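Next comes run23.cif, a file with mmCIF, C-alpha atoms.
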data_coords
loop_
_atom_site.group_PDB
_atom_site.id
_atom_site.type_symbol
_atom_site.label_atom_id
_atom_site.label_comp_id
_atom_site.auth_asym_id
_atom_site.auth_seq_id
_atom_site.Cartn_x
_atom_site.Cartn_y
_atom_site.Cartn_z
ATOM 1 C CA MET A 1 -25.079 5.492 1.890
ATOM 2 C CA GLN A 2 -21.326 5.755 2.450
ATOM 3 C CA LEU A 3 -19.212 5.021 -0.617
ATOM 4 C CA ASN A 4 -15.651 3.743 -0.698
ATOM 5 C CA ARG A 5 -13.697 4.577 -3.856
ATOM 6 C CA TYR A 6 -10.718 2.439 -2.875
ATOM 7 C CA TYR A 7 -12.279 -0.733 -1.531
ATOM 8 C CA PHE A 8 -10.119 -2.870 -3.855
ATOM 9 C CA ILE A 9 -7.016 -1.416 -2.204
ATOM 10 C CA ASP A 10 -8.466 -2.121 1.253
ATOM 11 C CA ARG A 11 -9.037 -5.761 0.290
ATOM 12 C CA SER A 12 -5.592 -5.983 -1.272
ATOM 13 C CA LYS A 13 -4.014 -4.864 1.991
ATOM 14 C CA VAL A 14 -5.565 -7.819 3.845
ATOM 15 C CA VAL A 15 -4.203 -10.279 1.265
ATOM 16 C CA MET A 16 -0.787 -8.625 1.431
ATOM 17 C CA ALA A 17 -0.718 -8.757 5.239
ATOM 18 C CA VAL A 18 -1.367 -12.503 5.029
ATOM 19 C CA MET A 19 1.478 -12.751 2.500
ATOM 20 C CA ILE A 20 3.786 -11.027 4.996
ATOM 21 C CA VAL A 21 2.905 -13.710 7.546
ATOM 22 C CA MET A 22 3.799 -16.278 4.876
ATOM 23 C CA LEU A 23 7.123 -14.537 4.304
ATOM 24 C CA HIS A 24 8.005 -14.729 7.971
ATOM 25 C CA SER A 25 6.932 -18.392 8.097
ATOM 26 C CA LEU A 26 9.315 -19.574 5.361
ATOM 27 C CA PRO A 27 10.153 -22.162 4.219
ATOM 28 C CA LEU A 28 6.723 -23.394 3.189
ATOM 29 C CA PHE A 29 7.977 -25.837 0.538
ATOM 30 C CA ASN A 30 10.586 -28.589 0.507
ATOM 31 C CA ASN A 31 11.871 -27.615 -2.936
ATOM 32 C CA PRO A 32 14.588 -24.900 -2.573
ATOM 33 C CA THR A 33 13.954 -23.461 -6.043
ATOM 34 C CA VAL A 34 10.212 -23.150 -5.459
ATOM 35 C CA SER A 35 10.870 -21.630 -2.041
ATOM 36 C CA TYR A 36 13.273 -19.109 -3.574
ATOM 37 C CA TYR A 37 10.857 -17.812 -6.201
ATOM 38 C CA PHE A 38 7.874 -17.924 -3.850
ATOM 39 C CA SER A 39 9.786 -15.832 -1.314
ATOM 40 C CA ARG A 40 10.522 -13.302 -4.042
ATOM 41 C CA ILE A 41 6.802 -13.035 -4.805
ATOM 42 C CA LEU A 42 6.226 -12.253 -1.141
ATOM 43 C CA ASP A 43 9.035 -9.681 -1.206
ATOM 44 C CA THR A 44 6.953 -7.453 -3.486
ATOM 45 C CA VAL A 45 4.353 -6.829 -0.768
ATOM 46 C CA VAL A 46 6.087 -4.214 1.401
ATOM 47 C CA PRO A 47 7.035 -2.062 -1.638
ATOM 48 C CA VAL A 48 3.346 -2.058 -2.629
ATOM 49 C CA PHE A 49 2.416 -1.006 0.922
ATOM 50 C CA PHE A 50 4.818 1.951 0.547
ATOM 51 C CA CYS A 51 3.212 2.785 -2.798
ATOM 52 C CA PHE A 52 -0.310 2.773 -1.353
ATOM 53 C CA SER A 53 0.854 5.009 1.491
ATOM 54 C CA GLY A 54 2.456 7.443 -0.946
ATOM 55 C CA PHE A 55 -0.766 7.612 -2.963
ATOM 56 C CA PHE A 56 -2.947 8.480 0.024
ATOM 57 C CA PHE A 57 -0.361 10.913 1.402
ATOM 58 C CA GLY A 58 -0.357 12.627 -1.994
ATOM 59 C CA ARG A 59 -4.131 13.092 -1.668
ATOM 60 C CA HIS A 60 -3.980 14.952 1.655
ATOM 61 C CA THR A 61 -0.321 15.737 2.479
ATOM 62 C CA ASP A 62 -1.349 16.363 6.077
ATOM 63 C CA LEU A 63 2.003 15.732 7.745
ATOM 64 C CA LYS A 64 0.963 16.460 11.331
ATOM 65 C CA LYS A 65 -2.077 14.199 11.186
ATOM 66 C CA SER A 66 -0.143 11.414 9.477
ATOM 67 C CA LEU A 67 2.778 11.543 11.919
ATOM 68 C CA ARG A 68 0.447 11.680 14.903
ATOM 69 C CA HIS A 69 -1.394 8.590 13.678
ATOM 70 C CA LEU A 70 1.783 6.647 12.860
ATOM 71 C CA ALA A 71 3.575 7.636 16.080
ATOM 72 C CA THR A 72 0.585 6.512 18.181
ATOM 73 C CA LEU A 73 0.398 3.245 16.262
ATOM 74 C CA TYR A 74 4.128 2.715 16.601
ATOM 75 C CA LEU A 75 4.192 3.356 20.345
ATOM 76 C CA PHE A 76 1.275 0.990 20.913
ATOM 77 C CA TYR A 77 3.026 -1.900 19.183
ATOM 78 C CA ALA A 78 6.403 -0.981 20.626
ATOM 79 C CA VAL A 79 4.886 -1.550 24.068
ATOM 80 C CA VAL A 80 3.091 -4.726 23.000
ATOM 81 C CA SER A 81 6.240 -6.082 21.334
ATOM 82 C CA TRP A 82 8.750 -5.010 23.989
ATOM 83 C CA PRO A 83 10.384 -8.485 24.291
ATOM 84 C CA LEU A 84 11.465 -8.217 20.643
ATOM 85 C CA SER A 85 13.413 -5.046 21.456
ATOM 86 C CA PHE A 86 16.013 -7.156 23.218
ATOM 87 C CA ILE A 87 16.703 -8.887 19.901
ATOM 88 C CA VAL A 88 16.937 -5.607 17.990
ATOM 89 C CA PHE A 89 19.318 -3.915 20.453
ATOM 90 C CA LYS A 90 21.403 -6.920 21.465
ATOM 91 C CA GLY A 91 25.142 -6.152 21.403
ATOM 92 C CA LEU A 92 24.817 -2.546 20.180
ATOM 93 C CA THR A 93 26.714 0.477 21.435
ATOM 94 C CA ILE A 94 24.785 3.545 22.584
ATOM 95 C CA TRP A 95 25.455 5.292 19.264
ATOM 96 C CA GLN A 96 24.303 2.256 17.274
ATOM 97 C CA ALA A 97 21.195 1.966 19.451
ATOM 98 C CA LEU A 98 20.392 5.640 18.789
ATOM 99 C CA HIS A 99 20.702 4.983 15.050
ATOM 100 C CA LYS A 100 18.269 2.109 15.431
ATOM 101 C CA VAL A 101 15.713 4.236 17.261
ATOM 102 C CA ILE A 102 15.853 7.052 14.703
ATOM 103 C CA PHE A 103 16.007 5.078 11.454
ATOM 104 C CA PHE A 104 15.001 1.483 12.208
ATOM 105 C CA GLY A 105 12.796 1.323 15.283
ATOM 106 C CA THR A 106 12.708 -0.483 18.576
ATOM 107 C CA PHE A 107 11.132 -3.725 17.335
ATOM 108 C CA ASN A 108 11.817 -5.670 14.165
ATOM 109 C CA ILE A 109 8.670 -4.938 12.130
ATOM 110 C CA GLY A 110 8.659 -1.318 13.331
ATOM 111 C CA TRP A 111 11.175 -0.303 10.664
ATOM 112 C CA TYR A 112 8.305 0.085 8.184
ATOM 113 C CA ILE A 113 6.520 2.744 10.256
ATOM 114 C CA ILE A 114 9.765 4.637 10.916
ATOM 115 C CA ALA A 115 10.675 4.527 7.225
ATOM 116 C CA LEU A 116 7.186 5.662 6.265
ATOM 117 C CA MET A 117 7.393 8.606 8.658
ATOM 118 C CA TRP A 118 10.713 9.672 7.121
ATOM 119 C CA CYS A 119 9.231 9.391 3.611
ATOM 120 C CA MET A 120 6.362 11.661 4.643
ATOM 121 C CA ILE A 121 8.652 14.191 6.313
ATOM 122 C CA ILE A 122 10.958 14.341 3.288
ATOM 123 C CA PHE A 123 8.159 14.667 0.740
ATOM 124 C CA ALA A 124 6.244 17.231 2.810
ATOM 125 C CA ALA A 125 9.416 19.348 3.062
ATOM 126 C CA ILE A 126 10.141 19.151 -0.672
ATOM 127 C CA ASP A 127 6.484 19.800 -1.466
ATOM 128 C CA ARG A 128 6.890 23.309 -0.037
ATOM 129 C CA VAL A 129 8.967 24.316 -3.075
ATOM 130 C CA LYS A 130 6.791 26.600 -5.189
ATOM 131 C CA GLN A 131 7.967 25.496 -8.627
ATOM 132 C CA ALA A 132 6.219 22.194 -9.389
ATOM 133 C CA ALA A 133 8.866 21.076 -11.887
ATOM 134 C CA VAL A 134 11.632 21.601 -9.328
ATOM 135 C CA ARG A 135 9.942 19.831 -6.419
ATOM 136 C CA TYR A 136 8.877 16.805 -8.444
ATOM 137 C CA THR A 137 12.326 16.525 -10.019
ATOM 138 C CA VAL A 138 13.967 16.627 -6.578
ATOM 139 C CA MET A 139 11.537 14.017 -5.246
ATOM 140 C CA ALA A 140 12.204 11.664 -8.152
ATOM 141 C CA ALA A 141 15.983 12.180 -8.060
ATOM 142 C CA LEU A 142 16.208 11.530 -4.310
ATOM 143 C CA ALA A 143 13.974 8.459 -4.580
ATOM 144 C CA LEU A 144 15.986 7.008 -7.482
ATOM 145 C CA LEU A 145 19.321 7.690 -5.768
ATOM 146 C CA SER A 146 18.131 6.067 -2.527
ATOM 147 C CA TYR A 147 16.911 3.009 -4.392
ATOM 148 C CA ALA A 148 20.173 2.733 -6.345
ATOM 149 C CA VAL A 149 22.027 2.711 -3.015
ATOM 150 C CA CYS A 150 19.889 -0.191 -1.800
ATOM 151 C CA VAL A 151 20.434 -2.103 -5.051
ATOM 152 C CA CYS A 152 24.166 -1.521 -4.582
ATOM 153 C CA PHE A 153 24.083 -2.903 -1.029
ATOM 154 C CA LEU A 154 21.929 -5.933 -1.724
ATOM 155 C CA ASN A 155 23.127 -7.200 -5.101
ATOM 156 C CA SER A 156 26.301 -8.074 -6.953
ATOM 157 C CA TYR A 157 25.624 -5.675 -9.839
ATOM 158 C CA PRO A 158 28.598 -3.496 -10.850
ATOM 159 C CA MET A 159 27.610 0.055 -9.929
ATOM 160 C CA PRO A 160 29.037 3.464 -10.940
ATOM 161 C CA PRO A 161 31.653 4.833 -8.477
ATOM 162 C CA PHE A 162 29.322 7.708 -7.598
ATOM 163 C CA ILE A 163 26.646 5.275 -6.398
ATOM 164 C CA VAL A 164 29.199 3.224 -4.455
ATOM 165 C CA LYS A 165 30.553 6.328 -2.688
ATOM 166 C CA THR A 166 27.026 7.513 -1.955
ATOM 167 C CA ALA A 167 26.238 4.083 -0.494
ATOM 168 C CA VAL A 168 29.130 4.470 1.935
ATOM 169 C CA VAL A 169 27.780 7.857 3.066
ATOM 170 C CA TYR A 170 24.305 6.367 3.490
ATOM 171 C CA ARG A 171 25.751 3.537 5.563
ATOM 172 C CA ASP A 172 27.584 5.954 7.843
ATOM 173 C CA LEU A 173 24.462 8.092 8.312
ATOM 174 C CA PHE A 174 21.754 5.472 8.549
ATOM 175 C CA MET A 175 23.769 2.368 9.496
ATOM 176 C CA ILE A 176 21.242 0.055 7.805
ATOM 177 C CA PRO A 177 19.936 1.982 4.762
ATOM 178 C CA THR A 178 18.273 -1.120 3.327
ATOM 179 C CA TRP A 179 16.038 -1.295 6.411
ATOM 180 C CA SER A 180 15.114 2.374 6.569
ATOM 181 C CA PHE A 181 13.474 4.912 4.283
ATOM 182 C CA PRO A 182 15.953 4.459 1.359
ATOM 183 C CA ARG A 183 14.391 1.028 0.812
ATOM 184 C CA GLY A 184 10.873 2.370 0.428
ATOM 185 C CA ILE A 185 11.067 5.971 -0.736
ATOM 186 C CA LEU A 186 11.002 5.171 -4.471
ATOM 187 C CA PHE A 187 7.817 3.120 -4.053
ATOM 188 C CA PHE A 188 6.327 5.873 -1.885
ATOM 189 C CA CYS A 189 7.243 8.300 -4.690
ATOM 190 C CA ILE A 190 5.492 6.132 -7.289
ATOM 191 C CA GLY A 191 2.252 6.204 -5.309
ATOM 192 C CA PHE A 192 2.619 9.921 -4.600
ATOM 193 C CA PHE A 193 3.068 10.672 -8.309
ATOM 194 C CA PHE A 194 0.096 8.489 -9.253
ATOM 195 C CA PHE A 195 -2.161 10.863 -7.362
ATOM 196 C CA ARG A 196 -0.394 14.135 -8.112
ATOM 197 C CA PHE A 197 -0.239 13.477 -11.860
ATOM 198 C CA ASN A 198 -3.661 11.789 -11.914
ATOM 199 C CA LEU A 199 -2.243 8.732 -13.665
ATOM 200 C CA LYS A 200 -5.026 6.465 -14.877
ATOM 201 C CA PHE A 201 -4.918 3.138 -16.666
ATOM 202 C CA THR A 202 -7.694 0.823 -17.727
ATOM 203 C CA ALA A 203 -7.621 -2.837 -16.755
ATOM 204 C CA ALA A 204 -6.894 -3.669 -20.409
ATOM 205 C CA GLN A 205 -3.778 -1.479 -20.206
ATOM 206 C CA SER A 206 -2.567 -2.245 -16.688
ATOM 207 C CA LEU A 207 -2.968 -6.035 -16.645
ATOM 208 C CA PRO A 208 -0.643 -6.667 -19.631
ATOM 209 C CA LEU A 209 1.795 -4.162 -18.117
ATOM 210 C CA LEU A 210 1.725 -6.080 -14.824
ATOM 211 C CA ILE A 211 2.308 -9.404 -16.607
ATOM 212 C CA VAL A 212 5.296 -7.956 -18.488
ATOM 213 C CA ALA A 213 6.685 -6.385 -15.297
ATOM 214 C CA LEU A 214 6.432 -9.673 -13.388
ATOM 215 C CA GLY A 215 8.067 -11.462 -16.312
ATOM 216 C CA LEU A 216 11.021 -9.057 -16.232
ATOM 217 C CA TYR A 217 11.223 -9.337 -12.439
ATOM 218 C CA PHE A 218 11.446 -13.122 -12.450
ATOM 219 C CA ALA A 219 13.726 -13.129 -15.492
ATOM 220 C CA GLU A 220 16.167 -10.901 -13.594
ATOM 221 C CA LEU A 221 15.993 -13.185 -10.565
ATOM 222 C CA ALA A 222 16.381 -16.308 -12.732
ATOM 223 C CA VAL A 223 19.503 -14.955 -14.437
ATOM 224 C CA GLY A 224 21.077 -14.278 -11.073
ATOM 225 C CA TYR A 225 19.942 -17.601 -9.593
ATOM 226 C CA CYS A 226 21.222 -19.655 -12.524
ATOM 227 C CA SER A 227 24.513 -17.770 -12.819
ATOM 228 C CA GLY A 228 25.276 -18.000 -9.106
ATOM 229 C CA HIS A 229 25.138 -14.226 -8.590
ATOM 230 C CA GLU A 230 23.149 -12.910 -5.673
ATOM 231 C CA ILE A 231 20.197 -10.909 -7.019
ATOM 232 C CA ASN A 232 17.845 -9.608 -4.343
ATOM 233 C CA SER A 233 14.192 -8.694 -4.750
ATOM 234 C CA ILE A 234 15.305 -5.060 -4.462
ATOM 235 C CA ASN A 235 16.476 -4.960 -8.062
ATOM 236 C CA PHE A 236 16.058 -3.012 -11.280
ATOM 237 C CA SER A 237 12.697 -4.476 -12.285
ATOM 238 C CA LEU A 238 10.837 -4.276 -8.950
ATOM 239 C CA PRO A 239 9.826 -0.578 -9.353
ATOM 240 C CA LEU A 240 8.119 -1.488 -12.638
ATOM 241 C CA VAL A 241 6.195 -4.265 -10.848
ATOM 242 C CA VAL A 242 5.034 -1.828 -8.175
ATOM 243 C CA PHE A 243 4.081 0.783 -10.792
ATOM 244 C CA ALA A 244 2.118 -1.804 -12.785
ATOM 245 C CA PHE A 245 0.315 -3.189 -9.740
ATOM 246 C CA MET A 246 -0.633 0.314 -8.606
ATOM 247 C CA ALA A 247 -2.003 1.009 -12.072
ATOM 248 C CA PHE A 248 -3.989 -2.240 -11.986
ATOM 249 C CA ALA A 249 -5.277 -1.637 -8.445
ATOM 250 C CA LEU A 250 -6.556 1.825 -9.347
ATOM 251 C CA SER A 251 -8.186 0.436 -12.491
ATOM 252 C CA GLN A 252 -10.213 -1.858 -10.201
ATOM 253 C CA CYS A 253 -11.246 0.944 -7.854
ATOM 254 C CA ARG A 254 -14.740 2.337 -8.251
ATOM 255 C CA PRO A 255 -17.281 3.723 -5.792
ATOM 256 C CA GLU A 256 -18.830 0.875 -3.810
ATOM 257 C CA ALA A 257 -21.185 0.735 -0.862
ATOM 258 C CA ASP A 258 -18.955 0.532 2.196
ATOM 259 C CA ASN A 259 -21.020 0.070 5.365
ATOM 260 C CA GLY A 260 -17.829 -0.068 7.383
ATOM 261 C CA ARG A 261 -16.194 -2.896 5.429
ATOM 262 C CA GLY A 262 -13.294 -0.747 4.267
ATOM 263 C CA LYS A 263 -12.446 0.284 7.826
ATOM 264 C CA LEU A 264 -12.672 -3.351 8.932
ATOM 265 C CA MET A 265 -10.262 -4.406 6.171
ATOM 266 C CA ARG A 266 -7.813 -1.670 7.134
ATOM 267 C CA GLN A 267 -7.991 -2.720 10.782
ATOM 268 C CA ILE A 268 -7.306 -6.355 9.890
ATOM 269 C CA SER A 269 -4.333 -5.567 7.657
ATOM 270 C CA THR A 270 -2.760 -3.095 10.099
ATOM 271 C CA MET A 271 -3.179 -5.301 13.158
ATOM 272 C CA LEU A 272 -2.021 -8.465 11.400
ATOM 273 C CA TYR A 273 1.049 -6.786 9.938
ATOM 274 C CA LEU A 274 2.150 -5.225 13.217
ATOM 275 C CA SER A 275 1.149 -7.945 15.678
ATOM 276 C CA HIS A 276 2.253 -11.123 13.913
ATOM 277 C CA PRO A 277 5.956 -10.967 14.964
ATOM 278 C CA MET A 278 4.963 -10.982 18.625
ATOM 279 C CA ILE A 279 2.446 -13.768 18.026
ATOM 280 C CA MET A 280 5.162 -15.814 16.308
ATOM 281 C CA PHE A 281 7.588 -15.141 19.141
ATOM 282 C CA LEU A 282 5.107 -16.307 21.775
ATOM 283 C CA LEU A 283 4.133 -19.345 19.707
ATOM 284 C CA TYR A 284 7.759 -20.344 19.461
ATOM 285 C CA ARG A 285 8.234 -19.966 23.215
ATOM 286 C CA ALA A 286 5.076 -21.948 23.951
ATOM 287 C CA THR A 287 5.197 -24.658 21.278
ATOM 288 C CA GLY A 288 8.616 -24.584 19.602
ATOM 289 C CA ILE A 289 6.989 -23.942 16.201
ATOM 290 C CA ASN A 290 9.433 -21.733 14.334
ATOM 291 C CA SER A 291 8.701 -22.058 10.598
ATOM 292 C CA GLY A 292 6.628 -23.613 7.869
ATOM 293 C CA LEU A 293 2.916 -24.127 7.421
ATOM 294 C CA PRO A 294 2.329 -24.887 11.140
ATOM 295 C CA ARG A 295 3.715 -21.459 12.060
ATOM 296 C CA PHE A 296 1.676 -19.746 9.355
ATOM 297 C CA ALA A 297 -1.594 -21.463 10.282
ATOM 298 C CA ALA A 298 -1.092 -21.064 14.036
ATOM 299 C CA THR A 299 -0.265 -17.364 13.673
ATOM 300 C CA LEU A 300 -3.439 -16.685 11.682
ATOM 301 C CA ALA A 301 -5.528 -18.706 14.137
ATOM 302 C CA VAL A 302 -4.194 -16.793 17.147
ATOM 303 C CA PHE A 303 -4.651 -13.494 15.343
ATOM 304 C CA ALA A 304 -8.281 -14.354 14.513
ATOM 305 C CA VAL A 305 -8.995 -14.881 18.211
ATOM 306 C CA ILE A 306 -7.239 -11.610 19.113
ATOM 307 C CA PHE A 307 -9.113 -9.662 16.456
ATOM 308 C CA VAL A 308 -12.509 -11.000 17.551
ATOM 309 C CA ALA A 309 -11.651 -10.079 21.140
ATOM 310 C CA TYR A 310 -10.534 -6.628 19.981
ATOM 311 C CA HIS A 311 -13.895 -5.932 18.354
ATOM 312 C CA TYR A 312 -15.780 -7.280 21.348
ATOM 313 C CA LEU A 313 -13.851 -5.065 23.791
ATOM 314 C CA TYR A 314 -13.242 -1.995 21.607
ATOM 315 C CA ASN A 315 -16.229 0.086 22.751
ATOM 316 C CA ARG A 316 -16.386 -1.209 26.281
ATOM 317 C CA ARG A 317 -15.403 0.776 29.316
ATOM 318 C CA TYR A 318 -11.694 0.658 30.223
ATOM 319 C CA PHE A 319 -10.769 -0.702 26.774
ATOM 320 C CA HIS A 320 -10.905 2.435 24.636
ATOM 321 C CA TRP A 321 -7.086 2.382 24.488
ATOM 322 C CA LEU A 322 -7.447 -0.525 22.044
ATOM 323 C CA ARG A 323 -8.342 1.960 19.317
ATOM 324 C CA TYR A 324 -4.614 2.657 18.959
ATOM 325 C CA ALA A 325 -4.141 -0.875 17.645
ATOM 326 C CA SER A 326 -5.697 0.110 14.322
#
Represent the structure of the file as C-alpha cells.
Amino acid sequence: MQLNRYYFIDRSKVVMAVMIVMLHSLPLFNNPTVSYYFSRILDTVVPVFFCFSGFFFGRHTDLKKSLRHLATLYLFYAVVSWPLSFIVFKGLTIWQALHKVIFFGTFNIGWYIIALMWCMIIFAAIDRVKQAAVRYTVMAALALLSYAVCVCFLNSYPMPPFIVKTAVVYRDLFMIPTWSFPRGILFFCIGFFFFRFNLKFTAAQSLPLLIVALGLYFAELAVGYCSGHEINSINFSLPLVVFAFMAFALSQCRPEADNGRGKLMRQISTMLYLSHPMIMFLLYRATGINSGLPRFAATLAVFAVIFVAYHYLYNRRYFHWLRYAS
C-alpha cells in the first residue's frame, strides 16, 4: 500500500487554490471593512505556497528536475493563456518587456512560477557552499533583505536609508520586485529551513503559535487601517504567520494510505491556480461577469467541467500532451 506522509499539505493546497479564486473574485461582501480584512486573509495563501515549495525543494534540491517541471508547466499555461499576454505587455518598451519575461512572466499568474524558479536557482547556488553556517546565513540574509525591500515598496513604514537605497537598486534590476522572487524568497526560505533543520512542532505547540501570529497580523493591519496609513499584507508579521502555519501543517502530517488521492489533490490545486485567470477572462467576455460571488461560482463550475474532461482524456490517444497541465 502506498503511503503519503504529506497528505494534509496536499489537501491544504486545494483549499488555498480555491482561496486564490476568491481573491481574484473580490469583492465578495458589501461591507468595505469586511472585504478589506477578508482580502488580507486570502493574501496569506501565496506566501504559504512558496513555503511548501521551499520545504519540498529542501528535501531533494534537484534543480534540473525542478526547473524542467516548472518550465514545462509554465510553457503549457503560457500557450493556453496567450490572450492575457496582451494585457501584461501592453504599452511596454522592448527593454521593459524583456524584464517582464525574465522576472515576471508572459501572463499575469505566471509570475509565481518565474519567482519560484529564481528562488530555486538562488538557493541551489548558495547550497554549494561547503560551510553550512555560511550558506544558511547567506540564504537567510538574502531572504530577509529581499522581504524588507518589498515591505518598503508596499507600505508607508519608515525604513532605514540602506533599505531604501537597496529598494531603488532592486527596482532598477527587476522593475517590479514585489511581483518577482523578492516577494516570495523569505517564505521559500522558511520552508527550506523547516526541512533542513528538521523543525518539528506538535499541534499543541503550533496551534497557539498560529493563533498568536494571526492576531499580530490583523493587529498590524488594523492599526494601519484605523490610522489611515497603507499597510499591505506583505508586512512585518506575515512571515510569522507563514512559519506558524507551516509548523501546524507538518504537525498534522502523518503516513496515510494514498491510493492516488495525493496526486489528484496536487493536480486540482495546480490546474485551478494556473487556469482560473483564463477561465475568468473568457467568462467576462462571454457573460460580462467580472467580480463577486457569481464570478467565483462560475469559475469553479467551469473548472470542474474542465478537470473532469482532463481526466477522461488524459490517457487517450492524441491527448497525452495534457499531462503537462499538472
Can you spell out as a PDB file with C-alpha atoms, in the coordinates of the input the set of residues that the PyMOL selection byres ((chain A and resi 50) around 9) selects in the structure I just provided?
ATOM      1  CA  VAL A  45       4.353  -6.829  -0.768  1.00  0.00           C
ATOM      2  CA  VAL A  46       6.087  -4.214   1.401  1.00  0.00           C
ATOM      3  CA  PRO A  47       7.035  -2.062  -1.638  1.00  0.00           C
ATOM      4  CA  VAL A  48       3.346  -2.058  -2.629  1.00  0.00           C
ATOM      5  CA  PHE A  49       2.416  -1.006   0.922  1.00  0.00           C
ATOM      6  CA  CYS A  51       3.212   2.785  -2.798  1.00  0.00           C
ATOM      7  CA  PHE A  52      -0.310   2.773  -1.353  1.00  0.00           C
ATOM      8  CA  SER A  53       0.854   5.009   1.491  1.00  0.00           C
ATOM      9  CA  GLY A  54       2.456   7.443  -0.946  1.00  0.00           C
ATOM     10  CA  PHE A  55      -0.766   7.612  -2.963  1.00  0.00           C
ATOM     11  CA  TYR A 112       8.305   0.085   8.184  1.00  0.00           C
ATOM     12  CA  LEU A 116       7.186   5.662   6.265  1.00  0.00           C
ATOM     13  CA  GLY A 184      10.873   2.370   0.428  1.00  0.00           C
ATOM     14  CA  ILE A 185      11.067   5.971  -0.736  1.00  0.00           C
ATOM     15  CA  LEU A 186      11.002   5.171  -4.471  1.00  0.00           C
ATOM     16  CA  PHE A 187       7.817   3.120  -4.053  1.00  0.00           C
ATOM     17  CA  PHE A 188       6.327   5.873  -1.885  1.00  0.00           C
ATOM     18  CA  CYS A 189       7.243   8.300  -4.690  1.00  0.00           C
ATOM     19  CA  ILE A 190       5.492   6.132  -7.289  1.00  0.00           C
ATOM     20  CA  GLY A 191       2.252   6.204  -5.309  1.00  0.00           C
TER      21      GLY A 191
END
Q: For stretch 155-170 of chain A, work out the shell of residues within 6 Å, counting all atoms listed in the file and skipping chain neighbours fewer than 4 positions away, then give it as a list of chain:residue names.
A: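 These residues fall inside the cut-off: A:Val149, A:Val151, A:Phe174, A:Glu230, A:Ile231, A:Asn232.
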(Q) One decimal, in Å: what's the spacing between atom CA of A:Val241 and atom CA of A:Ala141? (A)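 Atom CA of A:Val241 sits 19.3 Å away from atom CA of A:Ala141.
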Neighbourhood query: residues within 9 Å of (-10.1, -3.6, 12.4), file coordinates, counting only C-alpha atoms; return as an mmCIF file with C-alpha atoms, in the coordinates of the input.
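Listed below is the output, result.cif:
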data_model
loop_
_atom_site.group_PDB
_atom_site.id
_atom_site.type_symbol
_atom_site.label_atom_id
_atom_site.label_comp_id
_atom_site.auth_asym_id
_atom_site.auth_seq_id
_atom_site.Cartn_x
_atom_site.Cartn_y
_atom_site.Cartn_z
ATOM 1 C CA LYS A 263 -12.446 0.284 7.826
ATOM 2 C CA LEU A 264 -12.672 -3.351 8.932
ATOM 3 C CA MET A 265 -10.262 -4.406 6.171
ATOM 4 C CA ARG A 266 -7.813 -1.670 7.134
ATOM 5 C CA GLN A 267 -7.991 -2.720 10.782
ATOM 6 C CA ILE A 268 -7.306 -6.355 9.890
ATOM 7 C CA SER A 269 -4.333 -5.567 7.657
ATOM 8 C CA THR A 270 -2.760 -3.095 10.099
ATOM 9 C CA MET A 271 -3.179 -5.301 13.158
ATOM 10 C CA PHE A 307 -9.113 -9.662 16.456
ATOM 11 C CA TYR A 310 -10.534 -6.628 19.981
ATOM 12 C CA HIS A 311 -13.895 -5.932 18.354
ATOM 13 C CA ALA A 325 -4.141 -0.875 17.645
ATOM 14 C CA SER A 326 -5.697 0.110 14.322
#
Q: Tell me, as a ChimeraX atom specification, which residues lie within 8 Å of A:Gln252, counting all atoms listed in the file; anything in the same chain fewer than 2 positions away does not count.
A: /A:8,203,248-250,254
Q | Of the listed residues A:Ile234, A:Met246, A:Leu84, A:Ala132, that which approaches A:Asp43 most closely, counting only C-alpha atoms | A |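 Of A:Ile234, A:Met246, A:Leu84, A:Ala132, the one nearest A:Asp43 is A:Ile234, counting only C-alpha atoms.
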Q: Point out the residue among A:Tyr314, A:Phe57, A:Tyr284, A:Phe29 with the least atom-to-atom distance to A:Asp127, counting all atoms listed in the file.
A: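 Of A:Tyr314, A:Phe57, A:Tyr284, A:Phe29, the one nearest A:Asp127, counting all atoms listed in the file, is A:Phe57.
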Q. Using all atoms listed in the file, which residue out of A:Leu199, A:Ser275, A:Leu207, A:Ile94 lies closest to A:Trp82?
A.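 Of A:Leu199, A:Ser275, A:Leu207, A:Ile94, the one nearest A:Trp82, counting all atoms listed in the file, is A:Ser275.
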(Q) Which residues would end up in the selection if the PyMOL selection byres ((chain A and resi 257) around 7) were applied here, given that I need the answer as an NGL selection string? (A) :A and (1-4 or 255-256 or 258-259)
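Closest to A:Leu63 among A:Leu142, A:Ile87, A:Val15, A:Ala125 is A:Ala125, based on only C-alpha atoms.
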Q. Quick one: of A:Lys13, A:Lys65, A:His24, A:Arg5, who's nearest to A:Phe281, counting all atoms listed in the file?
A. A:His24
Q: Point out the residue among A:Ala222, A:Val305, A:Val80, A:Leu300 with the least atom-to-atom distance to A:Val34, counting all atoms listed in the file.
A: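 Closest residue, counting all atoms listed in the file: A:Ala222.
For the file shown, the residue list from the PyMOL selection byres ((chain A and resi 88) around 10) reads A:Pro83, A:Leu84, A:Ser85, A:Phe86, A:Ile87, A:Phe89, A:Lys90, A:Gly91, A:Leu92, A:Ala97, A:Lys100, A:Val101, A:Phe104, A:Gly105, A:Thr106, A:Phe107, A:Asn108.
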Q. At what distance in Å, to one decimal, does atom CA of A:Leu145 lie from atom CA of A:Leu238?
A.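 Atom-to-atom, atom CA of A:Leu238 and atom CA of A:Leu145 are spaced 15.0 Å apart.
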Q) atom CA of A:Tyr217 and atom CA of A:Asn198 are how many Å apart? A)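 Here the two named atoms are 25.8 Å from each other.
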Excluding same-chain residues fewer than 6 positions from A:Ile289, what lies within 12 Å of it counting only C-alpha atoms, as a compact mmCIF listing (two decimals) with C-alpha atoms, in the coordinates of the input?
# COMPACT_ATOMS: atom_id res chain seq x y z
CA SER A 25 6.93 -18.39 8.10
CA LEU A 26 9.32 -19.57 5.36
CA ILE A 279 2.45 -13.77 18.03
CA MET A 280 5.16 -15.81 16.31
CA PHE A 281 7.59 -15.14 19.14
CA LEU A 282 5.11 -16.31 21.78
CA LEU A 283 4.13 -19.34 19.71
CA ARG A 295 3.72 -21.46 12.06
CA PHE A 296 1.68 -19.75 9.36
CA ALA A 297 -1.59 -21.46 10.28
CA ALA A 298 -1.09 -21.06 14.04
CA THR A 299 -0.26 -17.36 13.67
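Taking all atoms listed in the file into account, the protein, DNA and RNA residues within 10 Å of (-0.3, 12.9, 2.7) read Ser53, Gly54, Phe55, Phe56, Phe57, Gly58, Arg59, His60, Thr61, Asp62, Leu63, Lys64, Lys65, Ser66, Leu67, Met120, Ile121, Phe123, Ala124 and Phe192 of chain A.
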